[in-house]
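To start, the structure itself, in structure tokens.
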Amino acid sequence: MSDVSKDSDDRPTPPKNSAALLLLRDIGDTTWRMFVPTVGGTLAGLWIDLRYDTTPWVMVAGVVIGAIIAILLIRQQLTRLT
């Protein structure tokens, strides 16, 4: 039996959890987990550096902290999937 069901007007409806949609969801989930903390830490550090004339130390710290947060978020995602 097929996963595709029929509507009342005999048009097939796509399955609710197709492989392509699941893959796109996981890609999107991974992307924000990687880039939001890293880019956010970089931008926050850059703003603080420009405001308090500490270039480039706070920005470097923001990149490192953002990368650590990204690693922890990806690890959380991987443990959830297994």
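By convention in this document, the chains of the structure tokens carry letters A, B, ... by their order, each chain's residues are numbered from 1, and ligands are numbered from 1 in the order they are shown.
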Who sits within 10 Å of Ile71 in chain A, only C-alpha atoms, same chain under 5 positions skipped, as a PDB file with C-alpha atoms, in the first residue's frame:
ATOM      1  CA  ARG A  33      22.623  26.116  15.434  1.00  0.00           C
ATOM      2  CA  MET A  34      25.969  26.703  13.717  1.00  0.00           C
ATOM      3  CA  PRO A  37      25.763  31.836  17.911  1.00  0.00           C
ATOM      4  CA  THR A  38      28.957  32.334  15.905  1.00  0.00           C
ATOM      5  CA  ILE A  65      32.253  31.684  22.780  1.00  0.00           C
ATOM      6  CA  GLY A  66      29.881  31.538  19.802  1.00  0.00           C
ATOM      7  CA  GLN A  76      22.399  18.431  21.671  1.00  0.00           C
ATOM      8  CA  GLN A  77      20.825  17.965  18.239  1.00  0.00           C
TER       9      GLN A  77
END
- [ ] Within chain A, find each residue whose DSSP state, derived from the backbone, is alpha helix (DSSP H), and express the selection as a PyMOL selection string.
- [x] chain A and resi 19-52+57-81
What does the file look like for those residues with C-alpha atoms, as a tab-separated table (two decimals), in the first residue's frame?
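What landed in out_34.tsv:
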chain	number	residue	atom	x	y	z
A	19	ALA	CA	12.21	12.34	3.25
A	20	ALA	CA	12.95	15.62	1.47
A	21	LEU	CA	11.04	17.67	4.04
A	22	LEU	CA	12.72	15.87	6.93
A	23	LEU	CA	16.13	16.46	5.35
A	24	LEU	CA	15.40	20.16	4.77
A	25	ARG	CA	14.19	20.52	8.34
A	26	ASP	CA	17.38	18.96	9.70
A	27	ILE	CA	19.55	21.12	7.44
A	28	GLY	CA	17.75	24.26	8.60
A	29	ASP	CA	17.99	23.20	12.23
A	30	THR	CA	21.71	22.53	11.93
A	31	THR	CA	22.35	25.76	10.04
A	32	TRP	CA	20.87	28.05	12.67
A	33	ARG	CA	22.62	26.12	15.43
A	34	MET	CA	25.97	26.70	13.72
A	35	PHE	CA	25.69	30.25	12.44
A	36	VAL	CA	23.49	32.22	14.85
A	37	PRO	CA	25.76	31.84	17.91
A	38	THR	CA	28.96	32.33	15.91
A	39	VAL	CA	27.78	35.34	13.91
A	40	GLY	CA	25.98	36.75	16.95
A	41	GLY	CA	29.12	36.44	19.10
A	42	THR	CA	31.21	38.03	16.37
A	43	LEU	CA	28.85	40.97	15.90
A	44	ALA	CA	28.42	41.50	19.64
A	45	GLY	CA	32.20	41.40	20.14
A	46	LEU	CA	32.76	43.79	17.25
A	47	TRP	CA	30.21	46.22	18.67
A	48	ILE	CA	31.85	46.10	22.10
A	49	ASP	CA	35.31	46.49	20.56
A	50	LEU	CA	34.25	49.56	18.61
A	51	ARG	CA	32.47	51.05	21.61
A	52	TYR	CA	35.30	50.56	24.15
A	57	TRP	CA	40.05	41.05	21.76
A	58	VAL	CA	36.35	41.04	22.58
A	59	MET	CA	35.46	40.08	19.01
A	60	VAL	CA	37.86	37.12	19.18
A	61	ALA	CA	36.29	36.12	22.48
A	62	GLY	CA	32.83	36.44	20.89
A	63	VAL	CA	33.87	34.13	18.04
A	64	VAL	CA	35.26	31.54	20.46
A	65	ILE	CA	32.25	31.68	22.78
A	66	GLY	CA	29.88	31.54	19.80
A	67	ALA	CA	31.73	28.52	18.40
A	68	ILE	CA	31.55	26.74	21.76
A	69	ILE	CA	27.82	27.42	21.98
A	70	ALA	CA	27.39	26.16	18.40
A	71	ILE	CA	29.25	22.94	19.24
A	72	LEU	CA	27.06	22.39	22.28
A	73	LEU	CA	23.89	23.00	20.26
A	74	ILE	CA	24.98	20.57	17.52
A	75	ARG	CA	25.87	17.97	20.16
A	76	GLN	CA	22.40	18.43	21.67
A	77	GLN	CA	20.82	17.96	18.24
A	78	LEU	CA	22.83	14.79	17.56
A	79	THR	CA	21.95	13.21	20.91
A	80	ARG	CA	18.29	14.01	20.26
A	81	LEU	CA	18.41	12.25	16.89
